[in-house]
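Asks: What follows is structure36.pdb, PDB, C-alpha atoms, pLDDT in the B column.
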ATOM      1  CA  MET A   1     297.849 285.524 153.150  1.00 56.00           C
ATOM      2  CA  SER A   2     301.592 284.981 153.083  1.00 49.00           C
ATOM      3  CA  ALA A   3     304.089 282.163 153.535  1.00 51.00           C
ATOM      4  CA  GLN A   4     307.032 282.487 155.876  1.00 51.00           C
ATOM      5  CA  PRO A   5     310.265 280.499 155.566  1.00 53.00           C
ATOM      6  CA  ASP A   6     311.119 280.841 159.261  1.00 61.00           C
ATOM      7  CA  ILE A   7     308.997 279.749 162.196  1.00 64.00           C
ATOM      8  CA  PRO A   8     307.589 282.936 163.752  1.00 67.00           C
ATOM      9  CA  ALA A   9     307.617 283.627 167.470  1.00 66.00           C
ATOM     10  CA  SER A  10     303.827 283.714 167.579  1.00 65.00           C
ATOM     11  CA  LEU A  11     303.701 279.942 167.050  1.00 72.00           C
ATOM     12  CA  ALA A  12     305.771 279.421 170.190  1.00 69.00           C
ATOM     13  CA  LEU A  13     304.104 282.127 172.269  1.00 78.00           C
ATOM     14  CA  VAL A  14     300.445 281.713 171.257  1.00 84.00           C
ATOM     15  CA  ASN A  15     299.106 278.172 171.106  1.00 87.00           C
ATOM     16  CA  TYR A  16     296.477 278.918 168.474  1.00 94.00           C
ATOM     17  CA  GLY A  17     296.516 277.524 164.967  1.00 96.00           C
ATOM     18  CA  HIS A  18     296.125 274.313 162.994  1.00 97.00           C
ATOM     19  CA  PHE A  19     298.105 272.191 160.562  1.00 98.00           C
ATOM     20  CA  THR A  20     298.291 269.121 158.390  1.00 98.00           C
ATOM     21  CA  SER A  21     301.200 266.753 157.818  1.00 98.00           C
ATOM     22  CA  MET A  22     301.846 264.816 154.636  1.00 98.00           C
ATOM     23  CA  LEU A  23     304.458 262.671 152.940  1.00 97.00           C
ATOM     24  CA  VAL A  24     305.745 264.199 149.701  1.00 97.00           C
ATOM     25  CA  ALA A  25     307.557 261.814 147.347  1.00 96.00           C
ATOM     26  CA  GLY A  26     308.495 262.741 143.806  1.00 94.00           C
ATOM     27  CA  GLY A  27     306.404 265.885 144.087  1.00 95.00           C
ATOM     28  CA  ARG A  28     303.258 263.857 144.806  1.00 97.00           C
ATOM     29  CA  VAL A  29     301.066 263.329 147.859  1.00 98.00           C
ATOM     30  CA  ARG A  30     298.463 260.636 148.399  1.00 98.00           C
ATOM     31  CA  GLY A  31     295.272 262.316 149.545  1.00 98.00           C
ATOM     32  CA  LEU A  32     296.519 265.813 148.708  1.00 98.00           C
ATOM     33  CA  ALA A  33     293.010 267.073 147.981  1.00 98.00           C
ATOM     34  CA  ARG A  34     291.944 265.902 151.437  1.00 98.00           C
ATOM     35  CA  HIS A  35     294.869 267.701 153.068  1.00 98.00           C
ATOM     36  CA  LEU A  36     294.007 270.924 151.267  1.00 98.00           C
ATOM     37  CA  GLU A  37     290.347 270.544 152.177  1.00 98.00           C
ATOM     38  CA  ARG A  38     291.321 270.003 155.820  1.00 98.00           C
ATOM     39  CA  LEU A  39     293.402 273.180 155.882  1.00 98.00           C
ATOM     40  CA  ASP A  40     290.578 275.249 154.428  1.00 98.00           C
ATOM     41  CA  ARG A  41     287.879 273.687 156.618  1.00 98.00           C
ATOM     42  CA  ASP A  42     289.896 274.059 159.814  1.00 98.00           C
ATOM     43  CA  ALA A  43     290.831 277.647 158.941  1.00 98.00           C
ATOM     44  CA  TRP A  44     287.134 278.501 158.806  1.00 98.00           C
ATOM     45  CA  VAL A  45     286.645 276.903 162.224  1.00 97.00           C
ATOM     46  CA  VAL A  46     289.708 278.462 163.858  1.00 97.00           C
ATOM     47  CA  PHE A  47     289.952 281.850 162.111  1.00 97.00           C
ATOM     48  CA  GLY A  48     286.603 282.392 160.415  1.00 96.00           C
ATOM     49  CA  ARG A  49     288.135 282.483 156.941  1.00 96.00           C
ATOM     50  CA  GLY A  50     289.661 279.983 154.554  1.00 96.00           C
ATOM     51  CA  VAL A  51     293.076 279.492 152.979  1.00 97.00           C
ATOM     52  CA  ASP A  52     293.826 279.657 149.272  1.00 96.00           C
ATOM     53  CA  GLU A  53     294.567 276.235 147.767  1.00 97.00           C
ATOM     54  CA  GLY A  54     296.822 277.570 145.033  1.00 96.00           C
ATOM     55  CA  TYR A  55     298.918 279.495 147.510  1.00 96.00           C
ATOM     56  CA  VAL A  56     299.323 276.465 149.784  1.00 98.00           C
ATOM     57  CA  ARG A  57     300.381 274.315 146.827  1.00 98.00           C
ATOM     58  CA  GLN A  58     303.004 276.862 145.815  1.00 97.00           C
ATOM     59  CA  ALA A  59     304.319 277.079 149.382  1.00 97.00           C
ATOM     60  CA  ILE A  60     304.698 273.285 149.492  1.00 98.00           C
ATOM     61  CA  ARG A  61     306.414 273.220 146.088  1.00 97.00           C
ATOM     62  CA  SER A  62     308.900 275.835 147.249  1.00 96.00           C
ATOM     63  CA  ALA A  63     309.625 273.926 150.455  1.00 96.00           C
ATOM     64  CA  VAL A  64     310.372 270.612 148.701  1.00 96.00           C
ATOM     65  CA  GLU A  65     312.185 272.023 145.674  1.00 94.00           C
ATOM     66  CA  GLY A  66     315.381 270.105 145.041  1.00 92.00           C
ATOM     67  CA  ALA A  67     314.532 267.224 147.363  1.00 91.00           C
ATOM     68  CA  THR A  68     315.904 263.896 146.165  1.00 89.00           C
ATOM     69  CA  GLY A  69     313.840 261.658 148.448  1.00 93.00           C
ATOM     70  CA  PRO A  70     310.591 261.594 150.400  1.00 96.00           C
ATOM     71  CA  LEU A  71     309.972 264.394 152.884  1.00 97.00           C
ATOM     72  CA  ALA A  72     307.615 264.799 155.801  1.00 97.00           C
ATOM     73  CA  VAL A  73     305.942 268.152 155.198  1.00 98.00           C
ATOM     74  CA  ARG A  74     303.935 270.108 157.748  1.00 97.00           C
ATOM     75  CA  VAL A  75     301.749 273.010 156.678  1.00 98.00           C
ATOM     76  CA  THR A  76     300.806 275.177 159.655  1.00 97.00           C
ATOM     77  CA  VAL A  77     298.201 277.936 159.572  1.00 97.00           C
ATOM     78  CA  HIS A  78     298.504 280.597 162.261  1.00 95.00           C
ATOM     79  CA  ALA A  79     297.880 284.307 162.714  1.00 94.00           C
ATOM     80  CA  PRO A  80     300.658 286.588 164.025  1.00 91.00           C
ATOM     81  CA  GLY A  81     297.997 289.187 164.815  1.00 91.00           C
ATOM     82  CA  PHE A  82     296.017 286.893 167.110  1.00 92.00           C
ATOM     83  CA  ASP A  83     295.678 288.448 170.574  1.00 92.00           C
ATOM     84  CA  PRO A  84     294.614 286.086 173.399  1.00 92.00           C
ATOM     85  CA  ARG A  85     293.077 289.107 175.143  1.00 94.00           C
ATOM     86  CA  LYS A  86     290.871 289.740 172.102  1.00 95.00           C
ATOM     87  CA  PRO A  87     290.330 286.296 170.569  1.00 94.00           C
ATOM     88  CA  GLU A  88     287.147 287.464 168.870  1.00 95.00           C
ATOM     89  CA  ALA A  89     288.990 289.967 166.643  1.00 95.00           C
ATOM     90  CA  ASP A  90     289.361 289.290 162.920  1.00 94.00           C
ATOM     91  CA  VAL A  91     292.898 288.209 162.009  1.00 94.00           C
ATOM     92  CA  GLU A  92     294.662 287.275 158.796  1.00 93.00           C
ATOM     93  CA  PRO A  93     295.992 283.692 158.771  1.00 94.00           C
ATOM     94  CA  GLU A  94     299.451 282.944 157.426  1.00 94.00           C
ATOM     95  CA  VAL A  95     301.060 279.720 156.240  1.00 95.00           C
ATOM     96  CA  VAL A  96     304.337 278.171 157.391  1.00 95.00           C
ATOM     97  CA  VAL A  97     305.695 275.078 155.627  1.00 96.00           C
ATOM     98  CA  THR A  98     308.396 273.009 157.322  1.00 95.00           C
ATOM     99  CA  THR A  99     310.083 269.788 156.228  1.00 96.00           C
ATOM    100  CA  SER A 100     311.862 266.918 157.939  1.00 95.00           C
ATOM    101  CA  ALA A 101     312.960 263.362 157.267  1.00 95.00           C
ATOM    102  CA  PRO A 102     310.141 260.792 157.299  1.00 94.00           C
ATOM    103  CA  PRO A 103     309.893 258.644 160.451  1.00 90.00           C
ATOM    104  CA  ALA A 104     312.275 255.690 160.402  1.00 87.00           C
ATOM    105  CA  GLU A 105     310.496 253.391 162.856  1.00 78.00           C
ATOM    106  CA  THR A 106     308.115 250.928 161.202  1.00 81.00           C
ATOM    107  CA  GLY A 107     307.907 247.993 163.614  1.00 91.00           C
ATOM    108  CA  PRO A 108     304.861 246.946 165.666  1.00 97.00           C
ATOM    109  CA  LEU A 109     303.738 249.249 168.448  1.00 98.00           C
ATOM    110  CA  LYS A 110     303.145 248.448 172.097  1.00 98.00           C
ATOM    111  CA  VAL A 111     300.690 251.007 173.473  1.00 98.00           C
ATOM    112  CA  ARG A 112     298.905 251.658 176.696  1.00 98.00           C
ATOM    113  CA  THR A 113     295.554 253.311 177.171  1.00 98.00           C
ATOM    114  CA  ALA A 114     294.956 256.641 178.885  1.00 98.00           C
ATOM    115  CA  GLY A 115     291.791 258.549 179.659  1.00 98.00           C
ATOM    116  CA  TYR A 116     292.095 261.644 177.497  1.00 97.00           C
ATOM    117  CA  GLN A 117     290.347 263.551 174.719  1.00 96.00           C
ATOM    118  CA  ARG A 118     291.770 266.412 172.700  1.00 95.00           C
ATOM    119  CA  ASP A 119     290.016 269.770 172.631  1.00 95.00           C
ATOM    120  CA  LEU A 120     287.984 270.143 169.436  1.00 97.00           C
ATOM    121  CA  PRO A 121     289.070 266.676 168.264  1.00 96.00           C
ATOM    122  CA  GLN A 122     287.789 267.116 164.694  1.00 97.00           C
ATOM    123  CA  VAL A 123     290.421 269.837 164.083  1.00 98.00           C
ATOM    124  CA  LYS A 124     294.135 269.094 163.692  1.00 98.00           C
ATOM    125  CA  HIS A 125     295.159 272.015 165.870  1.00 97.00           C
ATOM    126  CA  VAL A 126     298.475 272.944 167.473  1.00 95.00           C
ATOM    127  CA  GLY A 127     297.276 272.281 171.039  1.00 94.00           C
ATOM    128  CA  THR A 128     299.477 269.215 171.452  1.00 94.00           C
ATOM    129  CA  PHE A 129     300.750 269.489 175.044  1.00 95.00           C
ATOM    130  CA  GLY A 130     298.289 266.981 176.481  1.00 96.00           C
ATOM    131  CA  LEU A 131     298.833 264.295 173.883  1.00 95.00           C
ATOM    132  CA  PHE A 132     302.632 264.559 173.976  1.00 97.00           C
ATOM    133  CA  TYR A 133     302.568 264.480 177.784  1.00 98.00           C
ATOM    134  CA  GLN A 134     300.510 261.289 177.650  1.00 98.00           C
ATOM    135  CA  ARG A 135     302.920 259.825 175.088  1.00 98.00           C
ATOM    136  CA  ARG A 136     305.834 260.737 177.367  1.00 98.00           C
ATOM    137  CA  LEU A 137     304.223 258.964 180.314  1.00 98.00           C
ATOM    138  CA  ALA A 138     303.550 255.881 178.206  1.00 98.00           C
ATOM    139  CA  ARG A 139     307.107 255.710 176.888  1.00 98.00           C
ATOM    140  CA  ARG A 140     308.589 256.162 180.348  1.00 98.00           C
ATOM    141  CA  ALA A 141     306.430 253.224 181.409  1.00 98.00           C
ATOM    142  CA  GLY A 142     307.978 251.034 178.710  1.00 98.00           C
ATOM    143  CA  PHE A 143     305.405 251.425 175.929  1.00 98.00           C
ATOM    144  CA  ASP A 144     305.873 252.956 172.491  1.00 98.00           C
ATOM    145  CA  ASP A 145     302.834 255.212 172.474  1.00 98.00           C
ATOM    146  CA  VAL A 146     299.398 255.874 173.926  1.00 98.00           C
ATOM    147  CA  LEU A 147     295.818 255.104 172.884  1.00 98.00           C
ATOM    148  CA  PHE A 148     293.131 257.446 174.177  1.00 98.00           C
ATOM    149  CA  ILE A 149     289.927 256.305 175.836  1.00 98.00           C
ATOM    150  CA  GLY A 150     286.985 258.674 176.374  1.00 97.00           C
ATOM    151  CA  GLY A 151     285.105 259.098 179.620  1.00 95.00           C
ATOM    152  CA  ASP A 152     282.418 256.764 178.262  1.00 96.00           C
ATOM    153  CA  GLY A 153     284.958 253.984 177.721  1.00 98.00           C
ATOM    154  CA  GLN A 154     285.114 254.397 173.949  1.00 98.00           C
ATOM    155  CA  VAL A 155     288.383 253.983 172.076  1.00 98.00           C
ATOM    156  CA  SER A 156     289.096 257.181 170.126  1.00 98.00           C
ATOM    157  CA  GLU A 157     292.592 257.718 168.694  1.00 98.00           C
ATOM    158  CA  GLY A 158     296.302 257.544 169.395  1.00 98.00           C
ATOM    159  CA  SER A 159     298.544 260.471 170.222  1.00 97.00           C
ATOM    160  CA  THR A 160     299.235 261.360 166.575  1.00 97.00           C
ATOM    161  CA  TRP A 161     297.472 258.534 164.772  1.00 98.00           C
ATOM    162  CA  ASN A 162     294.144 256.881 164.166  1.00 98.00           C
ATOM    163  CA  VAL A 163     293.402 253.318 165.156  1.00 98.00           C
ATOM    164  CA  CYS A 164     291.482 250.558 163.405  1.00 98.00           C
ATOM    165  CA  PHE A 165     290.900 246.885 164.108  1.00 98.00           C
ATOM    166  CA  LEU A 166     290.295 243.634 162.283  1.00 97.00           C
ATOM    167  CA  ASP A 167     287.406 241.507 163.510  1.00 96.00           C
ATOM    168  CA  GLU A 168     287.672 237.729 163.533  1.00 94.00           C
ATOM    169  CA  ASP A 169     285.778 237.599 160.224  1.00 94.00           C
ATOM    170  CA  GLY A 170     288.170 240.057 158.577  1.00 93.00           C
ATOM    171  CA  THR A 171     285.909 243.113 158.877  1.00 97.00           C
ATOM    172  CA  LEU A 172     287.810 246.393 159.234  1.00 98.00           C
ATOM    173  CA  VAL A 173     286.391 248.181 162.286  1.00 98.00           C
ATOM    174  CA  VAL A 174     286.873 251.948 162.627  1.00 98.00           C
ATOM    175  CA  PRO A 175     285.980 253.573 165.983  1.00 98.00           C
ATOM    176  CA  THR A 176     283.472 256.432 165.844  1.00 98.00           C
ATOM    177  CA  ALA A 177     284.334 258.193 169.114  1.00 98.00           C
ATOM    178  CA  PRO A 178     285.248 261.893 168.668  1.00 97.00           C
ATOM    179  CA  ALA A 179     288.662 261.939 166.973  1.00 98.00           C
ATOM    180  CA  LEU A 180     290.537 263.584 164.143  1.00 97.00           C
ATOM    181  CA  PRO A 181     289.244 262.260 160.801  1.00 96.00           C
ATOM    182  CA  GLY A 182     292.590 260.938 159.609  1.00 97.00           C
ATOM    183  CA  ILE A 183     293.413 261.211 155.925  1.00 98.00           C
ATOM    184  CA  ALA A 184     295.448 257.992 155.797  1.00 98.00           C
ATOM    185  CA  LEU A 185     292.658 256.101 157.534  1.00 98.00           C
ATOM    186  CA  GLY A 186     290.144 257.538 155.088  1.00 98.00           C
ATOM    187  CA  LEU A 187     292.245 256.337 152.148  1.00 98.00           C
ATOM    188  CA  ILE A 188     292.544 252.894 153.726  1.00 98.00           C
ATOM    189  CA  GLN A 189     288.785 252.688 154.250  1.00 97.00           C
ATOM    190  CA  SER A 190     288.148 253.657 150.628  1.00 97.00           C
ATOM    191  CA  GLY A 191     290.744 251.232 149.324  1.00 97.00           C
ATOM    192  CA  VAL A 192     289.445 248.330 151.407  1.00 97.00           C
ATOM    193  CA  ALA A 193     285.870 249.051 150.332  1.00 95.00           C
ATOM    194  CA  ARG A 194     286.920 248.980 146.662  1.00 94.00           C
ATOM    195  CA  THR A 195     288.141 245.410 147.117  1.00 93.00           C
ATOM    196  CA  GLY A 196     284.704 244.356 148.317  1.00 93.00           C
ATOM    197  CA  ALA A 197     285.883 243.681 151.876  1.00 93.00           C
ATOM    198  CA  LYS A 198     283.660 244.823 154.709  1.00 95.00           C
ATOM    199  CA  VAL A 199     284.323 248.098 156.536  1.00 97.00           C
ATOM    200  CA  VAL A 200     282.290 249.078 159.608  1.00 98.00           C
ATOM    201  CA  ALA A 201     282.445 252.362 161.516  1.00 98.00           C
ATOM    202  CA  ARG A 202     280.995 251.944 165.003  1.00 98.00           C
ATOM    203  CA  PRO A 203     281.652 252.691 168.674  1.00 98.00           C
ATOM    204  CA  VAL A 204     284.391 250.508 170.129  1.00 98.00           C
ATOM    205  CA  GLN A 205     284.459 250.020 173.895  1.00 98.00           C
ATOM    206  CA  VAL A 206     287.782 249.397 175.606  1.00 98.00           C
ATOM    207  CA  GLY A 207     286.392 246.112 176.914  1.00 97.00           C
ATOM    208  CA  GLU A 208     286.112 244.850 173.335  1.00 98.00           C
ATOM    209  CA  LEU A 209     289.840 245.003 172.644  1.00 98.00           C
ATOM    210  CA  PRO A 210     290.590 241.342 173.477  1.00 98.00           C
ATOM    211  CA  GLY A 211     288.024 240.235 170.874  1.00 97.00           C
ATOM    212  CA  PHE A 212     289.784 241.694 167.847  1.00 98.00           C
ATOM    213  CA  ARG A 213     292.164 239.715 165.658  1.00 97.00           C
ATOM    214  CA  ALA A 214     294.535 242.608 164.907  1.00 98.00           C
ATOM    215  CA  ALA A 215     295.000 246.319 165.500  1.00 98.00           C
ATOM    216  CA  PHE A 216     296.694 249.032 163.459  1.00 98.00           C
ATOM    217  CA  ALA A 217     297.916 252.603 163.876  1.00 98.00           C
ATOM    218  CA  THR A 218     297.735 254.877 160.845  1.00 98.00           C
ATOM    219  CA  ASN A 219     298.693 258.419 159.909  1.00 97.00           C
ATOM    220  CA  ALA A 220     299.949 260.229 156.824  1.00 95.00           C
ATOM    221  CA  LEU A 221     303.639 259.663 157.628  1.00 95.00           C
ATOM    222  CA  ALA A 222     303.292 255.997 158.654  1.00 95.00           C
ATOM    223  CA  PRO A 223     300.178 254.816 156.816  1.00 96.00           C
ATOM    224  CA  VAL A 224     299.956 251.280 158.260  1.00 97.00           C
ATOM    225  CA  ARG A 225     301.711 250.130 161.420  1.00 97.00           C
ATOM    226  CA  ALA A 226     300.692 247.005 163.312  1.00 98.00           C
ATOM    227  CA  ILE A 227     299.916 247.207 167.026  1.00 98.00           C
ATOM    228  CA  SER A 228     301.175 244.169 168.931  1.00 98.00           C
ATOM    229  CA  ARG A 229     299.908 245.106 172.380  1.00 98.00           C
ATOM    230  CA  VAL A 230     297.366 247.369 174.070  1.00 98.00           C
ATOM    231  CA  ASP A 231     297.836 247.278 177.851  1.00 98.00           C
ATOM    232  CA  GLU A 232     297.731 243.540 178.630  1.00 97.00           C
ATOM    233  CA  VAL A 233     295.983 242.587 175.375  1.00 98.00           C
ATOM    234  CA  GLU A 234     298.405 241.070 172.883  1.00 98.00           C
ATOM    235  CA  TYR A 235     297.809 240.804 169.140  1.00 97.00           C
ATOM    236  CA  LYS A 236     299.637 238.482 166.794  1.00 93.00           C
ATOM    237  CA  VAL A 237     301.156 240.622 164.065  1.00 95.00           C
ATOM    238  CA  ASP A 238     299.343 239.617 160.876  1.00 93.00           C
ATOM    239  CA  GLU A 239     301.778 240.383 158.061  1.00 95.00           C
ATOM    240  CA  ASP A 240     299.227 239.504 155.368  1.00 95.00           C
ATOM    241  CA  ALA A 241     296.597 241.826 156.847  1.00 96.00           C
ATOM    242  CA  THR A 242     299.180 244.589 157.243  1.00 96.00           C
ATOM    243  CA  ALA A 243     300.155 244.217 153.585  1.00 96.00           C
ATOM    244  CA  ARG A 244     296.494 244.262 152.489  1.00 96.00           C
ATOM    245  CA  LEU A 245     295.873 247.530 154.328  1.00 97.00           C
ATOM    246  CA  ALA A 246     299.056 248.998 152.866  1.00 97.00           C
ATOM    247  CA  ARG A 247     297.887 248.045 149.363  1.00 97.00           C
ATOM    248  CA  ALA A 248     294.495 249.583 150.106  1.00 97.00           C
ATOM    249  CA  TYR A 249     296.219 252.848 151.059  1.00 97.00           C
ATOM    250  CA  GLU A 250     298.483 252.751 148.012  1.00 97.00           C
ATOM    251  CA  SER A 251     295.573 252.088 145.665  1.00 97.00           C
ATOM    252  CA  THR A 252     294.934 255.848 145.730  1.00 96.00           C
ATOM    253  CA  ALA A 253     297.454 257.461 143.394  1.00 96.00           C
ATOM    254  CA  GLY A 254     299.556 260.379 144.552  1.00 97.00           C
ATOM    255  CA  GLU A 255     298.477 263.832 143.395  1.00 97.00           C
ATOM    256  CA  ARG A 256     300.943 266.321 141.969  1.00 97.00           C
ATOM    257  CA  VAL A 257     301.562 269.248 144.316  1.00 96.00           C
TER     258      VAL A 257
END
Could you express the structure from this file as structure tokens?
Replies:
Amino acid sequence: MSAQPDIPASLALVNYGHFTSMLVAGGRVRGLARHLERLDRDAWVVFGRGVDEGYVRQAIRSAVEGATGPLAVRVTVHAPGFDPRKPEADVEPEVVVTTSAPPAETGPLKVRTAGYQRDLPQVKHVGTFGLFYQRRLARRAGFDDVLFIGGDGQVSEGSTWNVCFLDEDGTLVVPTAPALPGIALGLIQSGVARTGAKVVARPVQVGELPGFRAAFATNALAPVRAISRVDEVEYKVDEDATARLARAYESTAGERV
């Protein structure tokens, strides 16, 4: 395994690989162990072999060295030797670490629904054309982003984020349709549960959306972002609930890279 400072052509020419994105601040990452576990687990699914945790940590440390503020860090696992004509062949995965400024937008989201499901939704893979195309269509229609609905009418996930809802009684409801198991959402669930509040994971049908008190988008770079509208369903932005979920996320300490 090796790390590469430049983005190789194979990532642009062969749409086969997986990644994880994280926010690094002061050399620490909330949920780092989960990110590393994801990379190893997905590498076994995609390439039939894992990735070395120590090597990934060192690659991240090298990428953020000298940074004076938070950075959005993406760790991508790909294989330059992968041949689409012989996808069954054994290949050696490599790691590319890239950095960028964290997202600046933090306000409530207006989203519209779209019938779509990612291939192999449990893996954070690089096959992102479909989801970005759906996001493009939503934004051109005047929305901020898109929320995916499966063929069975179940709410699954956003384009690059998970979704959760607050019931009228304050229960945090997490949809169980096939979707990426988000690390930020997992930390929120754990943090909420530690406070004694109720967390329920269950199927959520699109027809249920008007019955929720609040909705939230969550990912590692924007852990808690209120959703103010889904199609014609409007939610009052609950600042207290948003702050409680943010505290639940932050109750897990950052781990040193």
Asks: Pick out the residues sitting within 10 Å of stretch 139-155 of chain A, and hand them over as a PyMOL selection string; count all atoms listed in the file, and ignore anything fewer than 4 positions along from it in its own chain.
Replies: chain A and resi 108-118+131-135+159-164+174-179+203-209+217+227+229-231
Asks: Quick one: everything within 7 Å of stretch 19-36 of chain A, counting all atoms listed in the file, minus sequence neighbours fewer than 5 positions away in the same chain. Send it as a VMD selection string.
Replies: chain A and resid 53 69 to 77 124 to 126 183 220 to 221 252 to 257
Asks: Taking all atoms listed in the file into account, which of A:Pro102, A:Val97, A:Gly186, A:Arg38 comes nearest A:Gln58?
Replies: A:Val97
Asks: For the contact check between stretch 180-236 of chain A and stretch 166-173 of chain A, emit one row per residue of stretch 180-236 of chain A within 8 Å, containing the shortest atom pair and the distance in Å rounded to one decimal, counting only C-alpha atoms, chain then rising number order, as a Markdown table.
Replies:
| residue | atom | partner | partner_atom | distance |
| --- | --- | --- | --- | --- |
| A:Ala197 | CA | A:Thr171 | CA | 7.0 |
| A:Lys198 | CA | A:Thr171 | CA | 5.0 |
| A:Val199 | CA | A:Leu172 | CA | 4.7 |
| A:Val200 | CA | A:Val173 | CA | 5.0 |
| A:Ala201 | CA | A:Val173 | CA | 5.8 |
| A:Arg202 | CA | A:Val173 | CA | 7.1 |
| A:Gly211 | CA | A:Asp167 | CA | 7.5 |
| A:Phe212 | CA | A:Asp167 | CA | 4.9 |
| A:Arg213 | CA | A:Glu168 | CA | 5.4 |
| A:Ala214 | CA | A:Leu166 | CA | 5.1 |
| A:Ala215 | CA | A:Leu166 | CA | 6.3 |
Asks: Would you place a box with edges along x, y and z of the file around all atoms of stretch 229-243 of chain A listed there, add 5 Å to each of its six sides, and report the centre and edge lengths in Å to one decimal, as lines of an AutoDock Vina configuration file?
Replies:
center_x = 298.9
center_y = 242.9
center_z = 166.1
size_x = 15.8
size_y = 18.9
size_z = 35.0
Asks: Between A:Phe82, A:Thr99, A:Glu92, A:Ala104, which is the closest to A:Ile60 once you count all atoms listed in the file?
Replies: A:Thr99
Asks: Given the file shown, enumerate the residues that the PyMOL selection byres ((chain A and resi 106) around 10) captures and present them as number ranges by chain.
Replies: A: 103-105, 107-109, 222-226
Asks: For each of A:Gly17, A:Pro210, A:Gly196, A:Pro87, take the minimum atom-to-atom distance to A:Ala43, counting all atoms listed in the file, then give the residue where this is smallest.
Replies: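 The shortest atom-to-atom distance to A:Ala43 comes from A:Gly17.
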Asks: Please determine, counting only C-alpha atoms, which residue among A:Ala184, A:Arg136, A:Asp119, A:Ala67 has the shortest atom-to-atom distance to A:Asn219.
Replies: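 Of A:Ala184, A:Arg136, A:Asp119, A:Ala67, the one nearest A:Asn219 is A:Ala184, counting only C-alpha atoms.
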Asks: I need the residue set behind the PyMOL selection byres ((chain A and resi 245-250) around 7) for this file; please write it as a list of chain:residue names.
Replies: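 With the PyMOL selection byres ((chain A and resi 245-250) around 7) on this model, the match is A:Leu187, A:Ile188, A:Gly191, A:Val192, A:Val224, A:Ala241, A:Thr242, A:Ala243, A:Arg244, A:Ser251, A:Thr252, A:Ala253.
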Asks: In Å, how far is it from atom CA of A:Ala101 to atom CA of A:Ser190?
Replies: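 Taking atom CA of A:Ala101 and atom CA of A:Ser190, their separation equals 27.5 Å.
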Asks: Rounded to one decimal place, report the atom CA of A:Arg41-atom CA of A:Glu94 distance in Å.
Replies: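 So the two atoms, atom CA of A:Arg41 and atom CA of A:Glu94, lie 14.8 Å apart.
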Asks: So that I can check the surroundings of A:Ala79, please list as JSON, numbers by chain every protein, DNA and RNA residue that reaches within 9 Å of it, counting only C-alpha atoms and ignoring chain neighbours fewer than 4 positions away.
Replies: {"A": [10, 11, 16, 17, 47, 91, 92, 93, 94, 95]}
Asks: Please report the interatomic distance between atom CA of A:Gly127 and atom CA of A:Asn15 in Å with one decimal.
Replies: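 Here the two named atoms are 6.2 Å from each other.
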Asks: Which of these, A:Ala193, A:Tyr235, A:Val14, A:Ser156, has the shortest distance to A:Pro84 once you count only C-alpha atoms?
Replies: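 Going through A:Ala193, A:Tyr235, A:Val14, A:Ser156 one by one, the smallest distance to A:Pro84 is for A:Val14.
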